[in-house]
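Reproduced below: query_8.tsv, with TSV, C-alpha atoms.
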chain	number	residue	atom	x	y	z
A	1	MET	CA	69.42	129.79	85.67
A	2	SER	CA	70.33	128.11	82.37
A	3	GLU	CA	70.82	131.41	80.52
A	4	ASN	CA	73.50	132.36	83.05
A	5	LYS	CA	75.48	129.23	82.42
A	6	LYS	CA	78.83	129.61	80.72
A	7	ARG	CA	79.38	127.78	77.45
A	8	VAL	CA	82.50	125.70	76.82
A	9	VAL	CA	82.92	124.17	73.37
A	10	LEU	CA	85.34	121.29	72.80
A	11	VAL	CA	86.48	121.06	69.19
A	12	SER	CA	87.59	117.51	68.42
A	13	ALA	CA	89.66	117.56	65.25
A	14	SER	CA	91.01	114.14	64.46
A	15	PRO	CA	90.52	113.30	60.77
A	16	LYS	CA	90.52	109.54	61.45
A	17	VAL	CA	87.65	107.42	60.13
A	18	ASP	CA	87.55	105.28	63.25
A	19	GLN	CA	86.96	107.89	65.94
A	20	ASP	CA	87.14	105.18	68.63
A	21	TRP	CA	90.91	105.18	68.03
A	22	ALA	CA	91.29	108.92	67.61
A	23	VAL	CA	93.20	110.56	70.46
A	24	SER	CA	91.46	113.91	69.99
A	25	ALA	CA	87.99	112.34	70.20
A	26	PHE	CA	89.07	110.36	73.24
A	27	LEU	CA	90.37	113.49	74.96
A	28	ALA	CA	87.21	115.42	74.08
A	29	LYS	CA	85.10	112.75	75.79
A	30	HIS	CA	87.45	112.89	78.77
A	31	GLY	CA	87.06	116.68	78.75
A	32	GLU	CA	83.25	116.47	78.83
A	33	THR	CA	83.51	114.46	82.04
A	34	ILE	CA	86.09	116.69	83.72
A	35	LEU	CA	84.26	119.91	82.79
A	36	GLU	CA	80.88	118.72	84.07
A	37	ASP	CA	79.52	121.40	86.37
A	38	GLU	CA	76.07	122.88	86.97
A	39	ARG	CA	77.41	126.34	86.20
A	40	ILE	CA	78.49	125.51	82.64
A	41	THR	CA	77.22	123.74	79.56
A	42	VAL	CA	79.70	121.70	77.57
A	43	GLU	CA	79.32	120.95	73.89
A	44	SER	CA	81.59	118.90	71.63
A	45	ILE	CA	82.01	119.59	67.93
A	46	MET	CA	83.39	116.71	65.88
A	47	VAL	CA	85.02	118.54	62.99
A	48	ARG	CA	85.24	115.49	60.74
A	49	SER	CA	81.52	114.70	60.75
A	50	THR	CA	80.60	118.40	60.74
A	51	LEU	CA	82.53	118.95	57.50
A	52	LEU	CA	81.52	115.71	55.85
A	53	HIS	CA	77.83	116.28	56.62
A	54	HIS	CA	77.92	119.99	55.69
A	55	GLN	CA	76.83	121.08	59.17
A	56	THR	CA	79.38	123.83	59.68
A	57	GLU	CA	76.84	126.67	60.01
A	58	GLN	CA	75.46	125.30	63.26
A	59	ALA	CA	78.96	124.52	64.54
A	60	PHE	CA	80.16	128.05	63.70
A	61	GLU	CA	77.25	129.56	65.65
A	62	SER	CA	78.20	127.46	68.66
A	63	LEU	CA	81.82	128.54	68.44
A	64	GLN	CA	80.90	132.19	68.03
A	65	SER	CA	78.76	132.17	71.18
A	66	ALA	CA	81.19	130.15	73.32
A	67	ASP	CA	82.81	131.62	76.42
A	68	ALA	CA	85.68	129.17	76.05
A	69	ILE	CA	86.87	127.00	73.17
A	70	VAL	CA	89.21	124.03	73.60
A	71	ILE	CA	90.65	122.83	70.29
A	72	ILE	CA	92.00	119.28	70.41
A	73	PHE	CA	93.97	118.04	67.41
A	74	PRO	CA	96.85	115.92	66.14
A	75	LEU	CA	99.94	117.51	64.64
A	76	TYR	CA	100.13	117.12	60.85
A	77	PHE	CA	103.30	118.42	59.18
A	78	PHE	CA	104.17	120.57	62.18
A	79	CYS	CA	100.88	122.49	62.26
A	80	MET	CA	97.10	121.92	62.17
A	81	PRO	CA	95.70	119.13	59.98
A	82	ALA	CA	94.06	120.26	56.73
A	83	MET	CA	90.60	119.38	58.02
A	84	LEU	CA	90.88	121.73	61.01
A	85	THR	CA	92.51	124.41	58.86
A	86	ARG	CA	89.49	124.34	56.55
A	87	PHE	CA	87.10	124.53	59.49
A	88	LEU	CA	88.80	127.46	61.25
A	89	GLN	CA	89.56	129.35	58.01
A	90	ASP	CA	85.88	129.19	57.03
A	91	PHE	CA	84.81	130.10	60.57
A	92	ALA	CA	87.04	133.19	60.61
A	93	ALA	CA	85.71	134.22	57.19
A	94	LYS	CA	82.13	134.05	58.50
A	95	TYR	CA	82.85	135.50	61.96
A	96	PRO	CA	85.98	137.66	61.70
A	97	SER	CA	85.51	139.08	65.18
A	98	CYS	CA	84.10	138.10	68.53
A	99	LYS	CA	81.47	140.24	70.28
A	100	ASN	CA	81.82	138.85	73.79
A	101	PRO	CA	84.99	138.00	75.72
A	102	SER	CA	86.06	134.51	74.79
A	103	SER	CA	89.15	132.38	75.32
A	104	VAL	CA	90.80	129.69	73.22
A	105	TYR	CA	92.86	126.79	74.55
A	106	ALA	CA	94.44	123.85	72.74
A	107	ILE	CA	95.54	120.28	73.31
A	108	VAL	CA	97.93	119.19	70.57
A	109	ASN	CA	99.31	115.67	70.30
A	110	CYS	CA	102.01	114.31	68.04
A	111	GLY	CA	103.34	110.85	67.32
A	112	PHE	CA	106.94	111.90	67.83
A	113	PRO	CA	108.19	111.57	71.41
A	114	GLU	CA	109.17	115.23	71.77
A	115	PRO	CA	106.19	117.37	72.85
A	116	GLU	CA	108.00	120.59	71.93
A	117	ILE	CA	107.48	119.76	68.24
A	118	ASN	CA	103.92	121.01	68.79
A	119	GLN	CA	105.09	124.50	69.60
A	120	GLU	CA	104.37	126.01	66.18
A	121	ALA	CA	100.90	124.48	66.16
A	122	MET	CA	100.25	126.16	69.49
A	123	ARG	CA	101.38	129.46	67.96
A	124	VAL	CA	98.91	128.89	65.09
A	125	ILE	CA	96.13	128.67	67.68
A	126	GLU	CA	97.42	131.89	69.22
A	127	GLN	CA	97.23	133.59	65.79
A	128	PHE	CA	93.70	132.28	65.29
A	129	SER	CA	92.76	133.73	68.69
A	130	ILE	CA	94.30	137.12	67.95
A	131	GLN	CA	92.73	137.37	64.50
A	132	THR	CA	89.24	136.49	65.72
A	133	GLY	CA	89.42	138.79	68.76
A	134	ARG	CA	89.81	136.15	71.46
A	135	SER	CA	92.35	135.67	74.22
A	136	CYS	CA	94.60	132.65	74.02
A	137	GLY	CA	94.95	130.59	77.19
A	138	GLY	CA	97.67	128.26	75.89
A	139	GLY	CA	97.22	124.57	76.52
A	140	VAL	CA	99.00	121.23	76.58
A	141	MET	CA	101.49	119.86	74.05
A	142	ILE	CA	101.67	116.06	74.12
A	143	GLY	CA	104.50	113.91	72.75
A	144	GLY	CA	104.27	110.16	72.19
A	145	GLY	CA	100.60	110.59	71.33
A	146	GLY	CA	100.45	107.14	69.78
A	147	MET	CA	100.30	105.69	73.29
A	148	VAL	CA	97.54	107.85	74.76
A	149	ILE	CA	94.62	105.48	74.17
A	150	ALA	CA	96.34	102.09	74.18
A	151	ALA	CA	98.26	102.74	77.40
A	152	LYS	CA	95.87	105.18	79.07
A	153	ASP	CA	95.82	103.34	82.39
A	154	ALA	CA	99.58	102.77	82.61
A	155	PRO	CA	101.42	104.65	85.39
A	156	PHE	CA	103.79	106.23	82.86
A	157	MET	CA	100.81	108.00	81.25
A	158	ARG	CA	99.82	109.76	84.47
A	159	PRO	CA	101.75	113.00	83.77
A	160	ILE	CA	99.77	113.49	80.54
A	161	PHE	CA	96.39	113.23	82.22
A	162	GLU	CA	97.54	115.41	85.11
A	163	GLN	CA	98.41	118.19	82.67
A	164	ILE	CA	95.18	117.78	80.69
A	165	ASP	CA	93.05	117.77	83.82
A	166	GLY	CA	94.93	120.81	85.10
A	167	LEU	CA	94.20	122.66	81.87
A	168	LEU	CA	90.52	121.72	81.96
A	169	ALA	CA	90.26	122.85	85.59
A	170	ARG	CA	91.70	126.20	84.48
A	171	VAL	CA	89.24	126.41	81.56
A	172	LYS	CA	86.35	125.78	83.95
A	173	GLN	CA	87.57	128.22	86.57
A	174	ASN	CA	88.21	131.01	84.05
A	175	ALA	CA	84.82	130.51	82.40
A	176	ILE	CA	82.88	130.51	85.65
A	177	SER	CA	84.70	133.50	87.11
A	178	ASP	CA	84.65	135.51	83.84
A	179	GLN	CA	88.43	135.78	84.01
A	180	GLN	CA	90.47	136.47	80.93
A	181	ALA	CA	92.68	133.49	80.18
A	182	GLU	CA	96.35	133.84	80.95
A	183	SER	CA	98.48	131.96	78.42
A	184	ARG	CA	100.21	128.94	79.93
A	185	ILE	CA	101.62	126.08	77.88
A	186	ALA	CA	102.65	122.71	79.31
A	187	SER	CA	104.80	120.12	77.50
A	188	VAL	CA	104.34	116.50	78.47
A	189	ALA	CA	105.12	113.00	77.20
A	190	PRO	CA	104.76	109.50	78.60
A	191	LYS	CA	107.56	108.58	80.97
A	192	PHE	CA	108.68	105.86	78.59
A	193	PRO	CA	112.12	105.18	77.03
A	194	LYS	CA	112.44	106.68	73.56
A	195	PHE	CA	114.31	103.68	72.14
A	196	LEU	CA	111.52	101.32	73.21
A	197	TYR	CA	108.93	103.65	71.69
A	198	PHE	CA	110.88	103.55	68.41
A	199	ILE	CA	111.21	99.76	68.48
A	200	GLY	CA	107.51	99.32	69.22
A	201	GLY	CA	106.47	101.83	66.58
A	202	ASN	CA	108.69	100.44	63.84
A	203	ALA	CA	107.64	96.84	64.59
A	204	GLY	CA	104.03	97.98	64.49
A	205	TRP	CA	104.33	99.20	60.89
A	206	LYS	CA	105.78	95.85	59.79
A	207	SER	CA	103.06	93.98	61.60
A	208	MET	CA	100.38	96.08	59.86
A	209	ALA	CA	102.05	95.39	56.51
A	210	ARG	CA	101.86	91.64	57.12
A	211	LYS	CA	98.15	91.95	57.94
A	212	ASN	CA	97.77	93.59	54.52
A	213	HIS	CA	99.62	90.66	52.89
A	214	LEU	CA	102.75	92.72	52.25
A	215	ARG	CA	106.26	91.65	53.11
A	216	PRO	CA	108.06	94.20	55.32
A	217	LYS	CA	110.52	95.05	52.53
A	218	GLU	CA	107.57	96.10	50.35
A	219	LEU	CA	107.03	99.05	52.70
A	220	TYR	CA	110.03	100.63	50.93
A	221	ARG	CA	108.39	100.77	47.48
A	222	LYS	CA	109.21	103.80	45.33
A	223	PRO	CA	106.30	104.30	42.95
A	224	TYR	CA	107.50	107.67	41.71
A	225	ASN	CA	111.12	106.74	41.10
A	226	LEU	CA	112.45	108.46	37.98
B	1	MET	CA	114.62	120.46	34.22
B	2	GLN	CA	111.08	120.82	35.52
B	3	ALA	CA	109.61	123.27	38.01
B	4	TYR	CA	106.17	122.69	39.53
B	5	ILE	CA	104.25	125.70	40.86
B	6	ILE	CA	101.27	125.03	43.14
B	7	SER	CA	98.68	127.74	43.87
B	8	ASP	CA	95.54	127.96	45.99
B	9	GLY	CA	92.42	128.63	43.89
B	10	GLU	CA	90.75	130.44	46.80
B	11	PHE	CA	93.45	133.14	46.99
B	12	LEU	CA	94.03	134.18	43.36
B	13	THR	CA	94.67	137.81	44.25
B	14	GLN	CA	96.37	140.46	42.16
B	15	ARG	CA	99.55	139.88	44.15
B	16	HIS	CA	99.33	136.15	43.52
B	17	ALA	CA	99.19	136.81	39.77
B	18	GLU	CA	102.21	139.10	40.01
B	19	LEU	CA	104.20	136.60	42.05
B	20	LYS	CA	103.35	133.76	39.69
B	21	GLN	CA	104.43	135.82	36.71
B	22	LEU	CA	107.67	136.67	38.50
B	23	LEU	CA	108.34	132.98	39.18
B	24	VAL	CA	107.54	131.92	35.64
B	25	GLU	CA	109.94	134.50	34.21
B	26	PHE	CA	112.67	133.64	36.72
B	27	LEU	CA	112.41	129.88	36.19
B	28	SER	CA	112.15	130.18	32.39
B	29	LYS	CA	115.31	132.28	32.38
B	30	HIS	CA	117.04	129.45	34.27
B	31	GLY	CA	115.98	126.88	31.69
B	32	PHE	CA	113.09	125.21	33.51
B	33	THR	CA	110.01	123.75	31.91
B	34	ILE	CA	107.14	124.95	34.10
B	35	VAL	CA	104.12	122.94	35.13
B	36	GLN	CA	101.42	124.81	37.06
B	37	LYS	CA	98.71	123.51	39.34
B	38	THR	CA	95.91	125.40	41.05
B	39	ILE	CA	94.16	123.51	43.83
B	40	GLU	CA	90.47	124.33	43.99
B	41	ARG	CA	88.22	124.02	47.01
B	42	GLY	CA	86.81	120.50	47.27
B	43	GLU	CA	89.28	119.07	44.77
B	44	LEU	CA	91.21	117.06	47.37
B	45	ALA	CA	90.00	115.02	50.30
B	46	PHE	CA	91.71	115.72	53.60
B	47	CYS	CA	94.28	113.23	54.89
B	48	ARG	CA	92.43	110.96	57.29
B	49	GLY	CA	95.51	109.58	59.01
B	50	CYS	CA	94.79	105.99	57.97
B	51	PHE	CA	98.46	105.28	57.14
B	52	ASP	CA	97.39	103.00	54.28
B	53	CYS	CA	99.96	104.91	52.18
B	54	TRP	CA	102.58	103.33	54.45
B	55	VAL	CA	101.21	99.84	55.13
B	56	LYS	CA	98.73	98.98	52.34
B	57	THR	CA	99.78	100.79	49.14
B	58	PRO	CA	103.29	101.92	50.16
B	59	GLY	CA	104.21	105.23	48.57
B	60	GLU	CA	100.74	106.05	47.23
B	61	CYS	CA	97.62	107.48	48.85
B	62	ILE	CA	94.68	105.11	48.82
B	63	MET	CA	92.21	107.92	48.03
B	64	LYS	CA	92.00	108.40	44.28
B	65	ASP	CA	91.63	112.10	43.53
B	66	SER	CA	94.09	114.52	41.96
B	67	ILE	CA	96.69	113.89	44.70
B	68	ALA	CA	98.21	111.16	42.49
B	69	GLU	CA	98.91	113.77	39.79
B	70	ILE	CA	100.19	116.28	42.38
B	71	ASN	CA	102.50	113.83	44.16
B	72	HIS	CA	103.80	112.46	40.86
B	73	ALA	CA	104.69	115.99	39.75
B	74	CYS	CA	106.21	116.83	43.16
B	75	MET	CA	108.38	113.74	43.07
B	76	THR	CA	109.53	113.98	39.46
B	77	SER	CA	110.26	117.72	39.34
B	78	ASP	CA	113.56	119.40	40.16
B	79	VAL	CA	111.94	122.30	41.98
B	80	VAL	CA	108.52	122.56	43.64
B	81	ILE	CA	107.24	126.00	44.60
B	82	TYR	CA	104.26	126.36	46.89
B	83	LEU	CA	102.83	129.80	46.19
B	84	CYS	CA	101.12	129.79	49.52
B	85	PRO	CA	98.61	132.12	51.17
B	86	VAL	CA	99.50	132.42	54.86
B	87	VAL	CA	96.50	131.90	57.17
B	88	PHE	CA	96.99	132.12	60.96
B	89	GLY	CA	100.74	131.85	60.25
B	90	GLN	CA	100.44	128.48	58.52
B	91	PHE	CA	99.33	127.13	55.14
B	92	SER	CA	95.90	127.97	53.75
B	93	ALA	CA	93.39	125.11	53.76
B	94	ASN	CA	93.63	124.05	50.09
B	95	MET	CA	97.42	124.07	50.26
B	96	LYS	CA	97.40	122.09	53.50
B	97	TYR	CA	95.22	119.42	51.91
B	98	ALA	CA	98.06	118.78	49.43
B	99	ILE	CA	100.84	119.06	52.02
B	100	ASP	CA	99.27	116.57	54.43
B	101	ARG	CA	98.85	114.12	51.59
B	102	TRP	CA	102.55	114.30	50.76
B	103	LEU	CA	102.88	111.71	53.57
B	104	PRO	CA	103.32	108.68	51.21
B	105	ASN	CA	106.59	110.19	50.01
B	106	MET	CA	108.30	109.35	53.29
B	107	LEU	CA	108.64	106.10	55.23
B	108	PRO	CA	106.84	105.40	58.50
B	109	PHE	CA	110.02	104.56	60.41
B	110	PHE	CA	111.38	106.96	63.01
B	111	ILE	CA	114.94	108.22	62.89
B	112	THR	CA	116.82	110.54	65.23
B	113	ARG	CA	118.43	113.47	63.48
B	114	LYS	CA	121.78	114.99	64.37
B	115	ASP	CA	120.12	117.59	66.59
B	116	GLY	CA	118.37	114.82	68.56
B	117	SER	CA	114.91	115.44	67.12
B	118	THR	CA	112.72	112.71	65.63
B	119	MET	CA	111.73	112.52	61.97
B	120	HIS	CA	110.50	109.93	59.49
B	121	SER	CA	113.01	108.30	57.14
B	122	PRO	CA	113.07	109.42	53.51
B	123	ARG	CA	111.49	107.03	51.00
B	124	TYR	CA	113.56	108.31	48.08
B	125	SER	CA	117.26	109.00	47.72
B	126	ASP	CA	116.59	112.57	46.67
B	127	TYR	CA	113.75	115.09	46.47
B	128	ALA	CA	112.91	118.23	44.53
B	129	ALA	CA	114.11	121.51	46.01
B	130	GLN	CA	111.08	122.84	47.91
B	131	ILE	CA	110.35	126.54	48.13
B	132	PHE	CA	107.47	127.93	50.18
B	133	LEU	CA	106.63	131.45	49.03
B	134	GLY	CA	104.21	132.86	51.59
B	135	TYR	CA	102.00	135.82	50.77
B	136	GLY	CA	99.10	137.67	52.35
B	137	GLU	CA	97.66	141.16	52.54
B	138	HIS	CA	98.22	142.05	56.17
B	139	LEU	CA	100.81	139.60	57.44
B	140	SER	CA	102.11	140.57	60.87
B	141	PRO	CA	105.80	139.97	61.67
B	142	ASP	CA	104.71	137.22	64.10
B	143	GLU	CA	102.68	135.45	61.42
B	144	ALA	CA	105.52	135.66	58.91
B	145	GLN	CA	107.99	134.28	61.44
B	146	LEU	CA	105.61	131.47	62.32
B	147	PHE	CA	105.31	130.49	58.65
B	148	ILE	CA	109.12	130.40	58.44
B	149	ASP	CA	109.43	128.33	61.62
B	150	ILE	CA	106.78	125.79	60.60
B	151	ASN	CA	108.65	125.09	57.40
B	152	GLN	CA	112.28	125.49	58.35
B	153	LYS	CA	112.60	124.53	62.00
B	154	HIS	CA	111.75	120.88	61.56
B	155	ARG	CA	112.70	120.11	57.96
B	156	SER	CA	115.85	119.99	55.87
B	157	SER	CA	116.34	121.29	52.32
B	158	VAL	CA	113.38	123.64	52.46
B	159	GLU	CA	113.51	127.33	51.56
B	160	VAL	CA	110.98	129.88	52.78
B	161	ILE	CA	110.42	133.28	51.24
B	162	ILE	CA	107.94	135.80	52.61
B	163	ASP	CA	106.48	138.33	50.20
B	164	HIS	CA	106.75	141.89	51.54
B	165	GLY	CA	105.54	143.38	48.27
B	166	SER	CA	108.96	143.82	46.66
B	167	ASP	CA	109.68	141.89	43.46
B	168	ALA	CA	113.37	142.77	43.74
B	169	GLU	CA	113.56	141.22	47.21
B	170	ILE	CA	111.89	137.99	45.99
B	171	LEU	CA	114.27	137.74	43.02
B	172	SER	CA	117.26	138.36	45.25
B	173	MET	CA	116.17	135.54	47.58
B	174	LEU	CA	115.45	133.19	44.67
B	175	ASP	CA	118.97	133.85	43.40
B	176	GLY	CA	120.29	132.39	46.65
B	177	VAL	CA	118.32	129.14	46.35
B	178	THR	CA	119.88	125.95	44.97
B	179	LEU	CA	117.46	124.96	42.25
B	180	LYS	CA	118.12	121.24	42.06
B	181	ARG	CA	117.16	117.99	43.72
B	182	ALA	CA	118.76	117.17	47.07
B	183	GLY	CA	119.30	114.00	49.10
B	184	GLY	CA	119.65	113.43	52.82
B	185	ALA	CA	117.22	113.61	55.70
B	186	LEU	CA	113.81	115.18	55.25
Kindly return the structure encoded in the file as structure tokens.
Amino acid sequence: MSENKKRVVLVSASPKVDQDWAVSAFLAKHGETILEDERITVESIMVRSTLLHHQTEQAFESLQSADAIVIIFPLYFFCMPAMLTRFLQDFAAKYPSCKNPSSVYAIVNCGFPEPEINQEAMRVIEQFSIQTGRSCGGGVMIGGGGMVIAAKDAPFMRPIFEQIDGLLARVKQNAISDQQAESRIASVAPKFPKFLYFIGGNAGWKSMARKNHLRPKELYRKPYNL
Amino acid sequence: MQAYIISDGEFLTQRHAELKQLLVEFLSKHGFTIVQKTIERGELAFCRGCFDCWVKTPGECIMKDSIAEINHACMTSDVVIYLCPVVFGQFSANMKYAIDRWLPNMLPFFITRKDGSTMHSPRYSDYAAQIFLGYGEHLSPDEAQLFIDINQKHRSSVEVIIDHGSDAEILSMLDGVTLKRAGGAL
């Protein structure tokens, strides 16, 4: 029975040291729960620890044999963070093509309120899929990602989890039924006023500065001024 | 006037050498002193999103590797050129390590730009002209367009040039670039 199970690999790609406060790690754990099914095995790869502990070979083998891959990452400079770029670039160099049908999906979150800012990152995932011989199933683009963990139970966060759970249901269904993924991309953000998000965010930086014994005006330092 | 050229040590192809030579000759002709940097694999740590560069050591990354030298050169030059291999339509890994760690050069605070989009405030009154010259052996039109969009859609004062193998085309595009520092939104 077990050899007939489909394999879904969740790639959690937050570079943060404290993974308890990393949105991607949080969503990967959520994904493990939602994907649980006797017909599939679910594995999570934590890219940060995989790279830092030089365990990429094993992770690459898992990716190469997966029926579905869900890449979860934060937006850094309008595309993938360096850490994930290293991981996927090295993977594609080792395994430039895929022997069995496989699909790639993504969940991208950014700190800006507009989820559409993630669009280019989603296209990067599409290029990765094309170049490694996989189909791209799209995914979810999340805005206001800074609130995902802290406000996870708030009613205004519900649309985000509905979209994520919908994507994961699609991943499961496609994997079990051997269907090729059809690309669908959803954009979603907390139903929360942008101006309040700005006020909260900007106050948060000043509060963190004070905890580090800096006055708020010291946040404006210019160490490289000519 | 100083120009800073950044290359990726993992993609030192024949075409890279030709493009670098082209840039050096072009910039020298325009009176620039040229500083070159090649980022090798493992030279930089990846940005870990700690934001200490905003709230602990404002303007400087807390991790002490060659990013201090790179950011200093980026911020004190008149022109910065990223001679950038295009991988999956975005920056190659070594190049992205440096780009992510450019974060200290902006402020954490959100602003809304004229088009309604969100961005971080600039830390400095002006910045070097930034040119991203993307190259690769078999770049598809989609990949090339994606590289342009990543760099130009969300940022101001950034020029993108895609290498199609023609030196004349590159020189013509460089002729259209303003090679001096610029202020305003990032």
* segment 6-15 of chain A environment, 6 Å, all atoms listed in the file, sequence neighbours closer than 2 positions dropped, as a list in words ->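 So the residues in contact are Ser24, Ala25, Ile40, Thr41, Val42, Glu43, Ser44, Ile45, Met46, Val47, Arg48, Ala66, Asp67, Ala68, Ile69, Val70, Ile71, Ile72 and Phe73 of chain A; Arg48 of chain B.
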Sorted by chain and rising residue number, which residues of chain B lie within 6 Å of chain A, and what are their closest atom pairs and distances in Å to one decimal, counting all atoms listed in the file, as JSON lines?
{"residue": "B:Phe46", "atom": "CA", "partner": "A:Met83", "partner_atom": "CA", "distance": 5.8}
{"residue": "B:Arg48", "atom": "CA", "partner": "A:Pro15", "partner_atom": "CA", "distance": 4.6}
{"residue": "B:Gly49", "atom": "CA", "partner": "A:Lys16", "partner_atom": "CA", "distance": 5.6}
{"residue": "B:Val55", "atom": "CA", "partner": "A:Ala209", "partner_atom": "CA", "distance": 4.7}
{"residue": "B:Lys56", "atom": "CA", "partner": "A:Asn212", "partner_atom": "CA", "distance": 5.9}
{"residue": "B:Pro58", "atom": "CA", "partner": "A:Leu219", "partner_atom": "CA", "distance": 5.4}
{"residue": "B:Phe88", "atom": "CA", "partner": "A:Gln127", "partner_atom": "CA", "distance": 5.1}
{"residue": "B:Gly89", "atom": "CA", "partner": "A:Val124", "partner_atom": "CA", "distance": 6.0}
{"residue": "B:Ala93", "atom": "CA", "partner": "A:Arg86", "partner_atom": "CA", "distance": 4.9}
{"residue": "B:Lys96", "atom": "CA", "partner": "A:Ala82", "partner_atom": "CA", "distance": 5.0}
{"residue": "B:Tyr97", "atom": "CA", "partner": "A:Ala82", "partner_atom": "CA", "distance": 5.0}
{"residue": "B:Phe109", "atom": "CA", "partner": "A:Asn202", "partner_atom": "CA", "distance": 5.5}
* Asked: Which neighbours of Arg39 of chain A fall inside 12 Å, counting only C-alpha atoms, when residues of the same chain fewer than 2 positions from it are skipped, and could you give them as number ranges by chain?
  -> A: 1-8, 35-37, 41-42, 172-178
Padded axis-aligned box of segment 159-172 of chain B (4 Å per side), centre and edge lengths, Å, one decimal, as AutoDock Vina command-line options:
--center_x 111.4 --center_y 135.6 --center_z 47.9 --size_x 19.7 --size_y 24.5 --size_z 17.8
* Select, from A:Pro155, A:Gly200, A:Gly137, A:Gly145, the residue with the minimum atom-to-atom distance to Phe26 of chain A, counting all atoms listed in the file. => A:Gly145
* To do: May I ask for the distance between atom CA of Gln55 of chain A and atom CA of Glu43 of chain B, given in Å to one decimal place?
  => 19.1 Å
* Point-to-point distance in Å for atom CA of Gln163 of chain A and atom CA of Leu27 of chain A -> 12.1 Å
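Atom pair atom CA of Ala98 of chain B / atom CA of Asp8 of chain B has a distance of 10.1 Å (rounded to one decimal).
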* Could you tell me which of A:Ser49, A:Gln64, A:Ser187, A:Thr56 comes closest to Ala106 of chain A if we count only C-alpha atoms? =>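 The answer is A:Ser187, which sits nearest to Ala106 of chain A.
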* To do: Just the residues within 9 Å of Val158 of chain B, please, counting all atoms listed in the file, with nothing from its chain fewer than 4 positions along; format it as a PyMOL selection string.
  => chain B and resi 129-132+151-152+186
* For His30 of chain B, which residue out of B:Ile67, B:Gly184, B:Met106, B:Thr178 is the nearest one, using all atoms listed in the file? -> B:Thr178
* To do: Please provide as a ChimeraX atom specification all residues within 12 Å of Leu23 of chain B, with the sequence filter that same-chain residues fewer than 5 positions apart are discarded (counting all atoms listed in the file).
  => /B:3-7,16-18,28-30,32-36,79-83,131,133,167-168,170-171,173-175
* Top pick for closest residue to Glu10 of chain B, considering B:Ser121, B:Ser140, B:Asn94, B:Ser172 and counting all atoms listed in the file ->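 Closest to Glu10 of chain B of all the choices is B:Asn94.
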